[in-house]
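Structure file work-v4.pdb (PDB, C-alpha atoms) is printed below.
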ATOM      1  CA  MET L   1     -22.780  -2.768  20.519
ATOM      2  CA  ASP L   2     -20.368  -4.168  17.928
ATOM      3  CA  GLU L   3     -18.955  -2.079  15.115
ATOM      4  CA  GLN L   4     -21.183  -3.553  12.436
ATOM      5  CA  ALA L   5     -24.235  -2.542  14.437
ATOM      6  CA  ILE L   6     -22.811   0.947  15.023
ATOM      7  CA  VAL L   7     -22.148   1.370  11.308
ATOM      8  CA  LYS L   8     -25.686   0.215  10.559
ATOM      9  CA  ARG L   9     -27.118   2.700  13.064
ATOM     10  CA  CYS L  10     -25.052   5.526  11.549
ATOM     11  CA  LEU L  11     -26.293   4.607   8.082
ATOM     12  CA  GLU L  12     -29.826   4.813   9.392
ATOM     13  CA  GLY L  13     -29.126   8.449  10.252
ATOM     14  CA  ASP L  14     -28.023   8.225  13.906
ATOM     15  CA  ALA L  15     -24.960  10.480  13.700
ATOM     16  CA  GLY L  16     -24.504  10.407  17.491
ATOM     17  CA  CYS L  17     -23.683   6.707  17.258
ATOM     18  CA  PHE L  18     -20.584   7.599  15.292
ATOM     19  CA  GLN L  19     -19.114   8.959  18.529
ATOM     20  CA  GLN L  20     -18.390   5.399  19.629
ATOM     21  CA  ILE L  21     -16.327   4.818  16.506
ATOM     22  CA  VAL L  22     -14.432   8.064  17.100
ATOM     23  CA  ILE L  23     -13.794   7.203  20.758
ATOM     24  CA  SER L  24     -12.510   3.705  20.036
ATOM     25  CA  HIS L  25     -10.207   4.674  17.168
ATOM     26  CA  LYS L  26      -9.060   8.246  17.792
ATOM     27  CA  ALA L  27      -6.050   7.434  20.006
ATOM     28  CA  PRO L  28      -4.332   4.976  17.614
ATOM     29  CA  LEU L  29      -5.134   7.189  14.644
ATOM     30  CA  MET L  30      -3.756  10.257  16.436
ATOM     31  CA  ALA L  31      -0.610   8.346  17.393
ATOM     32  CA  THR L  32       0.004   7.369  13.762
ATOM     33  CA  ALA L  33      -0.827  10.848  12.465
ATOM     34  CA  MET L  34       1.588  12.431  14.947
ATOM     35  CA  THR L  35       4.326   9.973  14.043
ATOM     36  CA  VAL L  36       3.797  10.688  10.351
ATOM     37  CA  LEU L  37       3.268  14.459  10.469
ATOM     38  CA  GLY L  38       5.433  15.351  13.428
ATOM     39  CA  ASN L  39       3.120  17.757  15.243
ATOM     40  CA  ARG L  40      -0.086  17.601  17.195
ATOM     41  CA  GLN L  41      -2.048  20.378  15.494
ATOM     42  CA  ASP L  42      -1.714  18.861  12.009
ATOM     43  CA  ALA L  43      -2.399  15.399  13.400
ATOM     44  CA  GLU L  44      -5.630  16.583  15.022
ATOM     45  CA  ASP L  45      -6.796  18.247  11.829
ATOM     46  CA  ILE L  46      -6.048  15.118   9.822
ATOM     47  CA  CYS L  47      -7.839  12.889  12.327
ATOM     48  CA  GLN L  48     -10.927  15.085  12.185
ATOM     49  CA  GLU L  49     -10.862  15.026   8.379
ATOM     50  CA  THR L  50     -10.406  11.244   8.450
ATOM     51  CA  PHE L  51     -13.459  10.688  10.639
ATOM     52  CA  ILE L  52     -15.562  13.113   8.608
ATOM     53  CA  GLN L  53     -14.573  11.422   5.353
ATOM     54  CA  ALA L  54     -15.227   8.014   6.892
ATOM     55  CA  TYR L  55     -18.706   9.130   7.941
ATOM     56  CA  ARG L  56     -19.391  10.599   4.512
ATOM     57  CA  HIS L  57     -18.413   7.336   2.786
ATOM     58  CA  LEU L  58     -19.664   4.955   5.448
ATOM     59  CA  SER L  59     -22.129   3.429   3.001
ATOM     60  CA  SER L  60     -19.236   2.269   0.829
ATOM     61  CA  PHE L  61     -17.457   0.579   3.753
ATOM     62  CA  ASP L  62     -17.119  -3.124   3.142
ATOM     63  CA  SER L  63     -18.520  -4.782   6.272
ATOM     64  CA  GLY L  64     -16.155  -7.716   5.772
ATOM     65  CA  ARG L  65     -13.180  -5.421   6.250
ATOM     66  CA  ASN L  66     -11.540  -4.239   9.436
ATOM     67  CA  LEU L  67     -12.902  -0.773  10.269
ATOM     68  CA  ARG L  68      -9.666   0.442  11.806
ATOM     69  CA  ALA L  69      -7.656  -0.659   8.746
ATOM     70  CA  TRP L  70     -10.132   1.265   6.575
ATOM     71  CA  LEU L  71      -9.711   4.354   8.772
ATOM     72  CA  TYR L  72      -5.929   3.999   8.522
ATOM     73  CA  THR L  73      -6.197   3.923   4.711
ATOM     74  CA  ILE L  74      -8.107   7.218   4.763
ATOM     75  CA  LEU L  75      -5.700   8.671   7.322
ATOM     76  CA  TYR L  76      -2.633   7.730   5.274
ATOM     77  CA  ARG L  77      -3.990   9.377   2.122
ATOM     78  CA  ARG L  78      -4.985  12.451   4.114
ATOM     79  CA  CYS L  79      -1.496  12.678   5.623
ATOM     80  CA  LEU L  80       0.089  12.593   2.176
ATOM     81  CA  ASN L  81      -2.294  15.290   0.918
ATOM     82  CA  ALA L  82      -1.612  17.425   3.992
ATOM     83  CA  ALA L  83       2.109  17.127   3.446
ATOM     84  CA  LYS L  84       1.690  18.260  -0.165
ATOM     85  CA  ARG L  85      -0.445  21.212   0.946
ATOM     86  CA  LYS L  86       2.072  22.151   3.613
ATOM     87  CA  LYS L  87       4.905  22.095   1.105
ATOM     88  CA  LYS L  88       2.884  24.354  -1.164
ATOM     89  CA  PHE L  89       2.324  26.965   1.547
ATOM     90  CA  ALA L  90       5.707  26.633   3.231
ATOM     91  CA  GLY L  91       7.111  29.605   1.335
ATOM     92  CA  ILE L  92       4.218  31.872   2.333
ATOM     93  CA  LEU L  93       4.500  30.870   6.005
ATOM     94  CA  ASP L  94       8.248  31.488   5.999
ATOM     95  CA  ARG L  95       7.690  34.981   4.608
ATOM     96  CA  LEU L  96       5.017  35.670   7.243
ATOM     97  CA  LYS L  97       7.356  34.592  10.017
ATOM     98  CA  ALA L  98      10.182  36.697   8.622
ATOM     99  CA  GLU L  99       8.143  39.910   8.327
ATOM    100  CA  PRO L 100       8.190  41.887  11.561
ATOM    101  CA  GLY L 101       4.769  42.559  13.048
ATOM    102  CA  SER L 102       3.002  39.976  10.896
ATOM    103  CA  TRP L 103       0.241  37.980  12.478
ATOM    104  CA  MET L 104       0.990  34.424  13.516
ATOM    105  CA  PRO L 105      -1.246  32.294  15.733
ATOM    106  CA  SER L 106       0.175  31.870  19.207
ATOM    107  CA  PRO L 107       0.306  28.365  20.648
ATOM    108  CA  ASP L 108      -2.495  27.292  22.965
ATOM    109  CA  PRO L 109      -1.108  27.412  26.539
ATOM    110  CA  ARG L 110      -3.526  24.654  27.651
ATOM    111  CA  ARG L 111      -2.153  22.257  25.102
ATOM    112  CA  ILE L 112      -0.068  19.371  26.378
ATOM    113  CA  ASP L 113       2.198  18.245  23.620
ATOM    114  CA  PRO L 114       3.378  14.669  23.838
ATOM    115  CA  ALA L 115       7.042  13.894  24.213
ATOM    116  CA  ALA L 116       9.065  14.408  21.071
ATOM    117  CA  LEU L 117      10.342  11.408  19.180
ATOM    118  CA  PRO L 118      14.094  10.746  19.070
ATOM    119  CA  ALA L 119      16.114  13.139  16.986
ATOM    120  CA  GLY L 120      16.993  11.984  13.517
ATOM    121  CA  LEU L 121      13.794  10.002  12.969
ATOM    122  CA  TYR L 122      12.186  12.566  10.673
ATOM    123  CA  GLU L 123      15.366  12.887   8.631
ATOM    124  CA  ALA L 124      15.941   9.142   8.413
ATOM    125  CA  LEU L 125      12.412   8.008   7.575
ATOM    126  CA  ASN L 126      10.011   9.482   5.038
ATOM    127  CA  ARG L 127       6.247   9.752   5.667
ATOM    128  CA  ARG L 128       5.476   6.403   4.103
ATOM    129  CA  GLU L 129       8.137   4.690   6.192
ATOM    130  CA  ARG L 130       6.901   6.375   9.365
ATOM    131  CA  THR L 131       3.385   5.104   8.573
ATOM    132  CA  VAL L 132       4.740   1.583   8.094
ATOM    133  CA  LEU L 133       6.650   1.850  11.358
ATOM    134  CA  SER L 134       3.668   3.095  13.338
ATOM    135  CA  LEU L 135       1.341   0.405  11.970
ATOM    136  CA  TRP L 136       3.889  -2.318  12.586
ATOM    137  CA  VAL L 137       4.749  -1.245  16.133
ATOM    138  CA  ASN L 138       1.409  -0.009  17.479
ATOM    139  CA  GLU L 139      -1.000  -2.344  15.706
ATOM    140  CA  GLY L 140       1.253  -5.330  15.186
ATOM    141  CA  TYR L 141       0.170  -5.498  11.551
ATOM    142  CA  THR L 142       1.965  -7.815   9.141
ATOM    143  CA  ALA L 143       3.468  -6.571   5.886
ATOM    144  CA  ALA L 144       0.436  -7.886   3.982
ATOM    145  CA  GLU L 145      -1.959  -5.950   6.230
ATOM    146  CA  ILE L 146       0.168  -2.813   5.904
ATOM    147  CA  ALA L 147       0.186  -3.276   2.122
ATOM    148  CA  ALA L 148      -3.623  -3.392   2.086
ATOM    149  CA  ILE L 149      -3.703  -0.080   3.975
ATOM    150  CA  LEU L 150      -1.091   1.640   1.817
ATOM    151  CA  GLY L 151      -2.565   0.210  -1.380
ATOM    152  CA  CYS L 152       0.616  -1.458  -2.614
ATOM    153  CA  PRO L 153       1.778  -5.055  -3.262
ATOM    154  CA  PRO L 154       2.749  -6.995  -0.099
ATOM    155  CA  GLY L 155       6.324  -7.289  -1.353
ATOM    156  CA  THR L 156       6.643  -3.512  -1.466
ATOM    157  CA  ALA L 157       5.433  -3.240   2.129
ATOM    158  CA  ARG L 158       7.947  -5.971   3.069
ATOM    159  CA  TYR L 159      10.721  -3.928   1.447
ATOM    160  CA  ASP L 160       9.582  -0.764   3.268
ATOM    161  CA  LEU L 161       9.403  -2.619   6.563
ATOM    162  CA  TYR L 162      12.868  -4.097   6.054
ATOM    163  CA  ASN L 163      14.320  -0.645   5.347
ATOM    164  CA  VAL L 164      12.486   0.897   8.299
ATOM    165  CA  ARG L 165      13.780  -1.731  10.717
ATOM    166  CA  LYS L 166      17.291  -1.316   9.365
ATOM    167  CA  LYS L 167      17.169   2.475   9.665
ATOM    168  CA  ILE L 168      15.804   2.281  13.214
ATOM    169  CA  ARG L 169      18.633  -0.071  14.158
ATOM    170  CA  THR L 170      21.146   2.422  12.712
ATOM    171  CA  LEU L 171      19.478   5.270  14.638
ATOM    172  CA  MET L 172      19.616   3.235  17.841
ATOM    173  CA  GLU L 173      23.307   2.553  17.344
ATOM    174  CA  LYS L 174      23.964   6.253  16.685
ATOM    175  CA  THR L 175      22.052   7.207  19.844
ATOM    176  CA  HIS L 176      24.129   4.776  21.924
ATOM    177  CA  GLU L 177      27.360   6.138  20.438
ATOM    178  CA  ASN L 178      26.307   9.706  21.285
ATOM    179  CA  LEU L 179      25.450   8.884  24.877
ATOM    180  CA  PRO L 180      28.145  10.146  27.287
ATOM    181  CA  SER L 181      30.153   7.285  28.713
ATOM    182  CA  ARG L 182      30.279   7.073  32.484
TER     183      ARG L 182
ATOM    184  CA  MET G   1      27.881 -14.463   4.855
ATOM    185  CA  ARG G   2      28.332 -15.078   1.171
ATOM    186  CA  ILE G   3      24.624 -15.697   0.814
ATOM    187  CA  CYS G   4      23.890 -12.470   2.717
ATOM    188  CA  ARG G   5      26.096 -10.515   0.324
ATOM    189  CA  ALA G   6      24.513 -12.216  -2.689
ATOM    190  CA  VAL G   7      21.028 -11.352  -1.408
ATOM    191  CA  LYS G   8      22.042  -7.712  -0.881
ATOM    192  CA  VAL G   9      23.485  -7.485  -4.389
ATOM    193  CA  LEU G  10      20.409  -9.157  -5.831
ATOM    194  CA  SER G  11      18.131  -6.778  -3.947
ATOM    195  CA  ARG G  12      19.985  -3.850  -5.509
ATOM    196  CA  VAL G  13      19.794  -5.318  -8.998
ATOM    197  CA  LEU G  14      16.128  -6.314  -8.986
ATOM    198  CA  PRO G  15      13.961  -3.653 -10.592
ATOM    199  CA  LEU G  16      10.802  -3.913  -8.474
ATOM    200  CA  ARG G  17      10.573  -3.090  -4.777
ATOM    201  CA  ALA G  18       8.063  -5.911  -4.335
ATOM    202  CA  TRP G  19      10.647  -8.465  -5.531
ATOM    203  CA  LYS G  20      13.340  -6.886  -3.375
ATOM    204  CA  GLY G  21      11.056  -7.051  -0.346
ATOM    205  CA  ASP G  22      10.193 -10.704  -0.931
ATOM    206  CA  ILE G  23      13.799 -11.798  -1.320
ATOM    207  CA  LEU G  24      15.065  -9.710   1.620
ATOM    208  CA  GLN G  25      12.416 -10.929   4.006
ATOM    209  CA  HIS G  26      12.743 -14.519   2.877
ATOM    210  CA  HIS G  27      16.452 -14.350   3.636
ATOM    211  CA  SER G  28      16.377 -12.294   6.843
ATOM    212  CA  ASP G  29      13.735 -14.602   8.383
ATOM    213  CA  ARG G  30      16.265 -17.442   8.174
ATOM    214  CA  CYS G  31      19.526 -15.589   8.779
ATOM    215  CA  PRO G  32      20.374 -14.639  12.390
ATOM    216  CA  ALA G  33      23.196 -12.335  11.238
ATOM    217  CA  CYS G  34      20.842 -10.277   9.072
ATOM    218  CA  GLN G  35      18.129 -10.433  11.715
ATOM    219  CA  ALA G  36      20.561  -8.731  14.114
ATOM    220  CA  THR G  37      20.825  -5.723  11.795
ATOM    221  CA  LEU G  38      17.080  -5.077  12.018
ATOM    222  CA  ALA G  39      15.296  -3.402  14.913
ATOM    223  CA  GLY G  40      12.689  -5.444  16.744
ATOM    224  CA  ARG G  41       9.137  -4.317  17.438
ATOM    225  CA  GLU G  42       9.803  -3.565  21.105
ATOM    226  CA  GLU G  43      13.006  -1.714  20.314
ATOM    227  CA  ALA G  44      11.239   0.452  17.763
ATOM    228  CA  ARG G  45       8.558   1.453  20.263
ATOM    229  CA  ASP G  46      10.560   4.543  21.300
ATOM    230  CA  TYR G  47      10.424   5.823  17.730
ATOM    231  CA  VAL G  48       6.643   6.139  17.389
ATOM    232  CA  HIS G  49       3.927   7.931  19.317
ATOM    233  CA  GLN G  50       1.881   5.521  21.407
ATOM    234  CA  PRO G  51      -1.923   5.493  21.513
ATOM    235  CA  ASP G  52      -1.797   5.499  25.318
ATOM    236  CA  GLU G  53       0.383   8.604  25.636
ATOM    237  CA  PRO G  54      -0.931  11.135  28.163
ATOM    238  CA  CYS G  55      -2.301  13.540  25.593
ATOM    239  CA  PRO G  56      -5.994  14.444  25.529
ATOM    240  CA  TRP G  57      -7.737  14.059  22.170
ATOM    241  CA  ASP G  58     -11.019  15.498  23.433
ATOM    242  CA  SER G  59     -11.289  18.168  20.795
ATOM    243  CA  ILE G  60     -11.748  15.663  17.982
ATOM    244  CA  TRP G  61     -15.305  14.492  18.575
ATOM    245  CA  PRO G  62     -16.925  17.965  18.983
ATOM    246  CA  ALA G  63     -15.355  19.119  15.733
ATOM    247  CA  VAL G  64     -16.335  15.909  13.930
ATOM    248  CA  GLU G  65     -19.857  15.996  15.338
ATOM    249  CA  ALA G  66     -20.450  19.567  14.178
ATOM    250  CA  ARG G  67     -19.547  18.581  10.638
ATOM    251  CA  ILE G  68     -21.243  15.190  10.334
ATOM    252  CA  ARG G  69     -24.611  16.532  11.513
ATOM    253  CA  THR G  70     -24.906  18.220   8.126
ATOM    254  CA  ILE G  71     -23.985  15.115   6.127
ATOM    255  CA  PRO G  72     -27.000  13.034   5.113
ATOM    256  CA  GLN G  73     -26.640   9.255   5.125
ATOM    257  CA  THR G  74     -28.369   7.117   2.546
ATOM    258  CA  PRO G  75     -28.518   3.554   3.867
ATOM    259  CA  GLY G  76     -28.008   0.771   1.415
ATOM    260  CA  ARG G  77     -26.223   2.958  -1.089
ATOM    261  CA  ARG G  78     -23.127   1.225  -2.343
ATOM    262  CA  ALA G  79     -20.345   3.217  -3.853
ATOM    263  CA  TYR G  80     -19.396   2.331  -7.384
ATOM    264  CA  PRO G  81     -16.464  -0.067  -6.981
ATOM    265  CA  ILE G  82     -14.230   2.062  -9.179
ATOM    266  CA  GLY G  83     -11.561   1.882  -6.497
ATOM    267  CA  LYS G  84     -11.037  -1.786  -7.234
ATOM    268  CA  LEU G  85     -11.643  -1.565 -10.974
ATOM    269  CA  TRP G  86      -9.564   1.379 -12.076
ATOM    270  CA  LYS G  87      -6.393  -0.628 -12.619
ATOM    271  CA  PRO G  88      -7.859  -3.319 -14.939
ATOM    272  CA  VAL G  89     -10.013  -0.733 -16.725
ATOM    273  CA  THR G  90      -7.017   1.524 -17.352
ATOM    274  CA  GLY G  91      -4.934  -1.453 -18.482
ATOM    275  CA  ILE G  92      -7.576  -2.675 -20.928
ATOM    276  CA  THR G  93      -8.055   0.857 -22.300
ATOM    277  CA  VAL G  94      -4.325   1.327 -22.862
ATOM    278  CA  VAL G  95      -3.964  -2.082 -24.562
ATOM    279  CA  ALA G  96      -7.009  -1.385 -26.767
ATOM    280  CA  GLY G  97      -5.575   2.024 -27.689
ATOM    281  CA  VAL G  98      -2.193   0.550 -28.613
ATOM    282  CA  LEU G  99      -3.822  -2.212 -30.702
ATOM    283  CA  PHE G 100      -5.961   0.375 -32.482
ATOM    284  CA  LEU G 101      -2.891   2.483 -33.260
ATOM    285  CA  ILE G 102      -1.024  -0.586 -34.578
ATOM    286  CA  PHE G 103      -4.033  -1.418 -36.770
ATOM    287  CA  ILE G 104      -4.201   2.127 -38.143
ATOM    288  CA  VAL G 105      -0.467   2.315 -38.835
ATOM    289  CA  SER G 106      -0.154  -1.137 -40.399
ATOM    290  CA  LYS G 107      -3.287  -0.876 -42.599
ATOM    291  CA  PRO G 108      -2.314  -0.746 -46.334
ATOM    292  CA  PRO G 109      -3.673   2.431 -47.879
ATOM    293  CA  ARG G 110      -6.471   2.062 -50.403
ATOM    294  CA  PRO G 111      -5.907   3.706 -53.776
ATOM    295  CA  ALA G 112      -8.756   6.103 -53.130
ATOM    296  CA  ASP G 113      -7.245   7.054 -49.777
ATOM    297  CA  ASN G 114      -3.929   7.922 -51.314
ATOM    298  CA  PRO G 115      -4.369   9.461 -54.775
ATOM    299  CA  ARG G 116      -1.121   9.835 -56.597
ATOM    300  CA  PRO G 117      -0.618  13.224 -58.142
ATOM    301  CA  ILE G 118      -0.894  13.206 -61.903
ATOM    302  CA  THR G 119       2.460  13.966 -63.380
ATOM    303  CA  HIS G 120       2.722  16.083 -66.409
ATOM    304  CA  ILE G 121       2.888  13.939 -69.515
ATOM    305  CA  GLU G 122       5.598  14.957 -71.871
ATOM    306  CA  ASP G 123       4.555  16.158 -75.250
ATOM    307  CA  PHE G 124       5.106  13.651 -77.995
ATOM    308  CA  ARG G 125       4.712  13.683 -81.722
ATOM    309  CA  LEU G 126       3.902  10.998 -84.289
ATOM    310  CA  ASP G 127       5.452  11.721 -87.645
ATOM    311  CA  SER G 128       4.091   8.703 -89.392
ATOM    312  CA  VAL G 129       2.393   5.492 -88.468
ATOM    313  CA  GLU G 130       2.618   2.255 -90.303
ATOM    314  CA  ALA G 131       0.604  -0.888 -89.780
ATOM    315  CA  TRP G 132       1.713  -4.093 -91.429
ATOM    316  CA  GLY G 133       4.037  -2.175 -93.713
ATOM    317  CA  LYS G 134       1.395   0.244 -94.938
ATOM    318  CA  PRO G 135       0.772   3.876 -93.892
ATOM    319  CA  ALA G 136      -2.015   4.005 -91.355
ATOM    320  CA  GLN G 137      -4.208   6.594 -89.750
ATOM    321  CA  ALA G 138      -3.653   7.189 -86.027
ATOM    322  CA  LEU G 139      -6.160   8.432 -83.494
ATOM    323  CA  ILE G 140      -4.718   9.623 -80.200
ATOM    324  CA  TYR G 141      -6.969   9.511 -77.234
ATOM    325  CA  GLN G 142      -6.185  10.678 -73.678
ATOM    326  CA  ALA G 143      -8.785  10.742 -70.946
ATOM    327  CA  LYS G 144      -8.939  13.771 -68.735
ATOM    328  CA  ASP G 145      -7.091  13.354 -65.394
ATOM    329  CA  SER G 146      -5.430  10.170 -66.546
ATOM    330  CA  GLN G 147      -1.890   9.198 -67.360
ATOM    331  CA  ILE G 148      -2.926   6.645 -69.969
ATOM    332  CA  THR G 149      -2.672   7.584 -73.605
ATOM    333  CA  ILE G 150      -4.388   5.338 -76.130
ATOM    334  CA  ILE G 151      -3.263   5.332 -79.764
ATOM    335  CA  TRP G 152      -5.740   3.789 -82.137
ATOM    336  CA  VAL G 153      -4.344   2.797 -85.498
ATOM    337  CA  ARG G 154      -6.325   1.814 -88.546
TER     338      ARG G 154
END

Reformat the file's structure so that it appears as structure tokens.
Amino acid sequence: MDEQAIVKRCLEGDAGCFQQIVISHKAPLMATAMTVLGNRQDAEDICQETFIQAYRHLSSFDSGRNLRAWLYTILYRRCLNAAKRKKKFAGILDRLKAEPGSWMPSPDPRRIDPAALPAGLYEALNRRERTVLSLWVNEGYTAAEIAAILGCPPGTARYDLYNVRKKIRTLMEKTHENLPSR
Amino acid sequence: MRICRAVKVLSRVLPLRAWKGDILQHHSDRCPACQATLAGREEARDYVHQPDEPCPWDSIWPAVEARIRTIPQTPGRRAYPIGKLWKPVTGITVVAGVLFLIFIVSKPPRPADNPRPITHIEDFRLDSVEAWGKPAQALIYQAKDSQITIIWVR
């Protein structure tokens, strides 16, 4: 069944059909969310929220548009909101960690966290730039397609992409310099 | 190299990121030296998480399913396209507001809108009045709330 048909079925009230959309798009969305947010737990939460919001507003989805690009638009906005929320509560969490005997959730031992990205990436690139990078590398999107997702003029996305590529090149050079010579 | 430097300077001077992006890409697409300073797609692959990484995302669908079961769908309902319209609507509203303000500020005040306070008229005295060389009788008339004084001579 193609995506248009799945969307139509969902709009007719078949919520189970939405599973196919989740299955086909969750991995790329998770990859972008993890690149942007930097940890799996937040990325999972954001992906869930993205799919729920997409389902809630499925009737407003323009059938002429790419579904994955639409999901990425929701995901990007959710990531920015999550980052704002996290910043807001960062002080409270720090105090909780500092207080002896305070309750903090322990990590799930069954969880398999993916390999960490190279050091320096999160300092060098901001969230917007990491989104641009992920969309460019994983999806092969052009600057114009990225601009449509981020909701900015294509020229702005071109500028972001240029800066991202330049910063990655600098990071690569730094990594090579730091490698021990044999 | 001179062109590269000029483009870099220009990209710093230009005020909008969209213009900077256009000029930088236009140049770097044609300049091998600048192209070498940018990472390629394959090179950048190590700096992002990949969709095919061995990491199970199985917990997403059960959580999504539990929530969407409670959300009713109304087929055929189209959202109000405010998302596409908010920019022109805001622009038109701002322009209309500015024009209205200019109109209000530049409008000449009507006399009734801006009544001038009545200044106190100094006392004056007529010792004698003559008309055509002969003593005449003078009638002084002043309307209430007016600055005009009429002297009638006969």

* **the PyMOL selection byres ((chain L) within 6 of (chain G)) applied to the shown file, residues as an MDAnalysis selection string** => chainID L and resid 11:13 27:28 31 35 48 59:60 117 134 137 155:156 158:159 165:166 168:169

* **d(atom CA of L:Phe51, atom CA of L:Val22) in Å** =>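 Separating atom CA of L:Phe51 from atom CA of L:Val22 is a distance of 7.0 Å.
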
* Asked: Using all atoms listed in the file, what residues lie at most 8 Å away from (-5.0, 5.4, -86.7) (file coordinates), given as a ChimeraX atom specification?
  -> /G:129,136-140,151-154

* Taking the file as shown, find all residues satisfying the PyMOL selection byres ((chain L and resi 62-70) around 8) and write them as a VMD selection string. => chain L and resid 3 to 4 25 60 to 61 71 to 74 149

* **For L:Ala43: contacts at 8 Å, all atoms listed in the file, fewer than 3 positions along chain excluded, given as a PyMOL selection string** => chain L and resi 30+33-34+37-40+46-47

* What is the distance, in Å and to one decimal place, between atom CA of L:Lys167 and atom CA of L:Asp45? ->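 Between atom CA of L:Lys167 and atom CA of L:Asp45 the gap works out to 28.8 Å.
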
Please put the answer as lines of an AutoDock Vina configuration file: centre and edge lengths, in Å with one decimal, of a box along x, y and z that encloses all listed atoms of stretch 60-70 of chain G plus 3 Å on each side.
center_x = -18.3
center_y = 17.0
center_z = 13.6
size_x = 19.2
size_y = 11.1
size_z = 16.9

Quick one: residues within 10 Å of stretch 1-3 of chain G, all atoms listed in the file counted, chain neighbours fewer than 3 positions away excluded, as a short mmCIF file (atom, residue, chain, number, x, y, z; two decimals) with C-alpha atoms, keeping the file's coordinate frame?
data_model
loop_
_atom_site.label_atom_id
_atom_site.label_comp_id
_atom_site.auth_asym_id
_atom_site.auth_seq_id
_atom_site.Cartn_x
_atom_site.Cartn_y
_atom_site.Cartn_z
CA ALA G 6 24.51 -12.22 -2.69
CA VAL G 7 21.03 -11.35 -1.41
CA LYS G 8 22.04 -7.71 -0.88
CA VAL G 9 23.48 -7.48 -4.39
CA HIS G 27 16.45 -14.35 3.64
CA CYS G 31 19.53 -15.59 8.78
CA ALA G 33 23.20 -12.34 11.24
CA CYS G 34 20.84 -10.28 9.07
#

* Asked: So how far away is atom CA of L:Leu75 from atom CA of L:Asp94, in Å?
  ->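 One can read the atom CA of L:Asp94 to atom CA of L:Leu75 distance as 26.8 Å.
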
* Using only C-alpha atoms, which of L:Val36, L:Ala90, L:Val132, L:Ala157 sits nearest L:Arg78? ->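 Nearest to L:Arg78: L:Val36.
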
Fill-in result for stretch 87-98 of chain G, N, CA and C atoms as a PDB file, in the coordinates of the input:
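Final output, saved to result11.pdb:
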ATOM      1  N   LYS G  87      -7.634  -0.092 -12.039  1.00  0.00           N
ATOM      2  CA  LYS G  87      -6.393  -0.628 -12.619  1.00  0.00           C
ATOM      3  C   LYS G  87      -6.680  -1.491 -13.855  1.00  0.00           C
ATOM      4  N   PRO G  88      -7.580  -2.527 -13.731  1.00  0.00           N
ATOM      5  CA  PRO G  88      -7.859  -3.319 -14.939  1.00  0.00           C
ATOM      6  C   PRO G  88      -8.486  -2.498 -16.053  1.00  0.00           C
ATOM      7  N   VAL G  89      -9.354  -1.538 -15.694  1.00  0.00           N
ATOM      8  CA  VAL G  89     -10.013  -0.733 -16.725  1.00  0.00           C
ATOM      9  C   VAL G  89      -8.972   0.112 -17.464  1.00  0.00           C
ATOM     10  N   THR G  90      -8.066   0.714 -16.723  1.00  0.00           N
ATOM     11  CA  THR G  90      -7.017   1.524 -17.352  1.00  0.00           C
ATOM     12  C   THR G  90      -6.132   0.649 -18.229  1.00  0.00           C
ATOM     13  N   GLY G  91      -5.783  -0.532 -17.725  1.00  0.00           N
ATOM     14  CA  GLY G  91      -4.934  -1.453 -18.482  1.00  0.00           C
ATOM     15  C   GLY G  91      -5.584  -1.858 -19.787  1.00  0.00           C
ATOM     16  N   ILE G  92      -6.863  -2.232 -19.718  1.00  0.00           N
ATOM     17  CA  ILE G  92      -7.576  -2.675 -20.928  1.00  0.00           C
ATOM     18  C   ILE G  92      -7.672  -1.514 -21.921  1.00  0.00           C
ATOM     19  N   THR G  93      -7.936  -0.309 -21.417  1.00  0.00           N
ATOM     20  CA  THR G  93      -8.055   0.857 -22.300  1.00  0.00           C
ATOM     21  C   THR G  93      -6.733   1.136 -23.005  1.00  0.00           C
ATOM     22  N   VAL G  94      -5.644   1.056 -22.264  1.00  0.00           N
ATOM     23  CA  VAL G  94      -4.325   1.327 -22.862  1.00  0.00           C
ATOM     24  C   VAL G  94      -4.006   0.281 -23.926  1.00  0.00           C
ATOM     25  N   VAL G  95      -4.252  -1.003 -23.601  1.00  0.00           N
ATOM     26  CA  VAL G  95      -3.964  -2.082 -24.562  1.00  0.00           C
ATOM     27  C   VAL G  95      -4.814  -1.906 -25.818  1.00  0.00           C
ATOM     28  N   ALA G  96      -6.110  -1.579 -25.623  1.00  0.00           N
ATOM     29  CA  ALA G  96      -7.009  -1.385 -26.767  1.00  0.00           C
ATOM     30  C   ALA G  96      -6.519  -0.212 -27.617  1.00  0.00           C
ATOM     31  N   GLY G  97      -6.082   0.853 -26.970  1.00  0.00           N
ATOM     32  CA  GLY G  97      -5.575   2.024 -27.689  1.00  0.00           C
ATOM     33  C   GLY G  97      -4.341   1.691 -28.513  1.00  0.00           C
ATOM     34  N   VAL G  98      -3.428   0.928 -27.915  1.00  0.00           N
ATOM     35  CA  VAL G  98      -2.193   0.550 -28.613  1.00  0.00           C
ATOM     36  C   VAL G  98      -2.518  -0.341 -29.815  1.00  0.00           C
TER      37      VAL G  98
END
